[in-house]
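Here's the structure we're looking at; comments come further down.
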Amino acid sequence: MKPELERYAALLRSWQGNLVSRADRARIEQHVEDALVALPLLRRLGVDTLVDVGSGGGLPGLPLALELPTLEVELVESQLRKTAFLSAATEALGLEARVRVHRTRAEEAIPFLGRERAEAASCRALAAVPVATELLSPLVRVGGVLILWTTPLRAEDVPSAASVEALGLAPEPELLASPSALRDDGALLVWRKIAPASARFPRRSGRAAATPLP
C-alpha cells in the first residue's frame, strides 16, 4: 500500500471516536483496498467530481482522492463525530484544496452541492439499491454515473422501471465484478444518468429509507 494510503489507514485506526468496530479496525487496509476497486472505472470515465454519500470514515472518498490527483470530492455525512474525523483527516492528508466535508443528510445536500452537478456519486455500505439510487440521483448531472458498492445478489434488488425513469436513470445498470481481499463477491453497480431526475426527488429526510421506491 502506498505511504499516503497507509497514513490514512493509521488515522482511521487510531481515531478515538469509534468510527469502526474492533473487527474492522484489524482489517482497515482491506477496507481501503475495497474502496479502490472503483479506480479503473473512474479513470476510464475521466471523472473529476465525485460526491461520496454516507462517507462515514471516508471510504471510498478519501482513498480515491489520494489515488486520483485531479479528483474533487464532496464528502456527505450527517454524524458529527464522523465529520470531525473527515475534516481532521482531510487536513492531515493535505487534501483541503480538493476535498470538502459536509455535515448533512443526503436529502438535504442540494443547498450545499447544487442539483445534478457532480459527474459521479458513490455509496458504500449505506443502503439498499432502491434507497441509494434515490439519494444519489438528484446530485448527479445528466451524463454522469451512480456507483454503488454491492454484491451480485443484492444488485438484483433494483427499483421498478417507473422509478428508474423518474430518477432519470438508464433502463438497466451495469454490474462490474470488483472482488477485493475484503469481499470475494464484491461488485460495483454502475447506473448512468440519462435525464434529469423528477423534481419530487429528493423526498424529505428519512422518507427514502422508510418508504423505498417500488
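In the C-alpha cells, the first chain shown is A, the next is B, and so on; residue numbers restart at 1 for each chain, and ligands run from 1 in the order shown.
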
Based on the backbone DSSP call, show me all residues of range 99-190 of chain A assigned strand (DSSP E), as a ChimeraX atom specification. /A:99-103,118-124,140-150,174-177,187-190

Which of chain A fall in alpha helix (DSSP H), as an NGL selection string: :A and (3-14 or 22-25 or 28-35 or 39-45 or 61-67 or 80-92 or 110-113 or 129-136 or 161-166 or 207-210)

Keeping only C-alpha atoms, write the selected residues as a short mmCIF file (atom, residue, chain, number, x, y, z; two decimals), in the first residue's frame.
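Heads up, here's the output in selection_12.cif:
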```cif
data_model
loop_
_atom_site.label_atom_id
_atom_site.label_comp_id
_atom_site.auth_asym_id
_atom_site.auth_seq_id
_atom_site.Cartn_x
_atom_site.Cartn_y
_atom_site.Cartn_z
CA PRO A 3 2.53 5.65 2.04
CA GLU A 4 -0.35 8.14 1.80
CA LEU A 5 -2.89 5.32 1.96
CA GLU A 6 -1.03 3.82 4.93
CA ARG A 7 -1.23 7.22 6.60
CA TYR A 8 -4.96 7.36 6.07
CA ALA A 9 -5.39 3.81 7.40
CA ALA A 10 -3.37 4.72 10.50
CA LEU A 11 -5.51 7.81 11.10
CA LEU A 12 -8.70 5.80 10.84
CA ARG A 13 -7.39 3.04 13.11
CA SER A 14 -6.16 5.42 15.83
CA ARG A 22 -12.93 -3.76 16.72
CA ALA A 23 -13.05 -6.40 14.00
CA ASP A 24 -12.87 -3.80 11.23
CA ARG A 25 -10.03 -1.96 12.96
CA ILE A 28 -8.60 -1.32 7.77
CA GLU A 29 -6.22 -1.98 4.89
CA GLN A 30 -8.72 -4.39 3.37
CA HIS A 31 -11.43 -1.72 3.57
CA VAL A 32 -9.10 0.72 1.82
CA GLU A 33 -8.41 -1.83 -0.91
CA ASP A 34 -12.13 -2.41 -1.31
CA ALA A 35 -12.70 1.34 -1.68
CA LEU A 39 -10.31 3.34 -9.60
CA PRO A 40 -10.33 1.70 -13.07
CA LEU A 41 -13.90 2.85 -13.66
CA LEU A 42 -13.25 6.45 -12.60
CA ARG A 43 -10.13 6.58 -14.75
CA ARG A 44 -11.93 5.09 -17.74
CA LEU A 45 -14.77 7.59 -17.44
CA GLY A 61 -13.95 9.09 -0.96
CA LEU A 62 -10.62 9.70 0.74
CA PRO A 63 -8.66 6.77 -0.74
CA LEU A 64 -9.99 7.68 -4.19
CA ALA A 65 -8.92 11.31 -3.71
CA LEU A 66 -5.45 10.15 -2.68
CA GLU A 67 -5.11 7.97 -5.77
CA LEU A 80 -20.86 14.98 13.92
CA ARG A 81 -18.24 12.53 15.23
CA LYS A 82 -17.66 11.25 11.70
CA THR A 83 -17.45 14.67 10.08
CA ALA A 84 -14.96 15.67 12.79
CA PHE A 85 -12.73 12.81 11.65
CA LEU A 86 -13.27 13.56 7.97
CA SER A 87 -12.21 17.19 8.46
CA ALA A 88 -9.16 16.22 10.51
CA ALA A 89 -8.12 13.52 8.04
CA THR A 90 -8.59 15.81 5.04
CA GLU A 91 -6.25 18.35 6.63
CA ALA A 92 -3.71 15.75 7.79
CA ILE A 110 -28.53 20.14 -2.60
CA PRO A 111 -28.25 23.62 -1.00
CA PHE A 112 -24.56 22.84 -0.38
CA LEU A 113 -23.72 20.94 -3.56
CA VAL A 129 -30.18 -0.20 -4.02
CA PRO A 130 -33.64 1.47 -4.25
CA VAL A 131 -32.77 3.81 -1.37
CA ALA A 132 -29.25 4.57 -2.56
CA THR A 133 -30.33 5.40 -6.11
CA GLU A 134 -32.94 7.84 -4.83
CA LEU A 135 -30.38 9.58 -2.60
CA LEU A 136 -27.66 9.79 -5.26
CA ALA A 161 -38.88 0.64 -14.38
CA ALA A 162 -41.17 3.56 -13.50
CA SER A 163 -38.99 4.58 -10.54
CA VAL A 164 -35.81 4.26 -12.60
CA GLU A 165 -37.32 6.54 -15.24
CA ALA A 166 -38.41 9.08 -12.62
CA ARG A 207 -38.60 9.03 3.52
CA ALA A 208 -36.44 7.04 1.11
CA ALA A 209 -35.45 4.56 3.81
CA ALA A 210 -38.90 4.44 5.42
#
```

List as a PyMOL selection string the protein and nucleic acid residues near Arg115 in chain A, meaning an atom at most 12 Å away when only C-alpha atoms are counted, but skip any in the same chain fewer than 4 places from it. chain A and resi 51+106-111+119+135-142+196-199+201-202

Please measure the separation of CA of Leu189 in chain A and CA of Gly114 in chain A, giving the value in Å to one decimal.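 For CA of Leu189 in chain A relative to CA of Gly114 in chain A, the distance reads 23.9 Å.
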
What is the distance, in Å and to one decimal place, between CA of Gly57 in chain A and CA of Glu77 in chain A?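 Here the two named atoms are 9.2 Å from each other.
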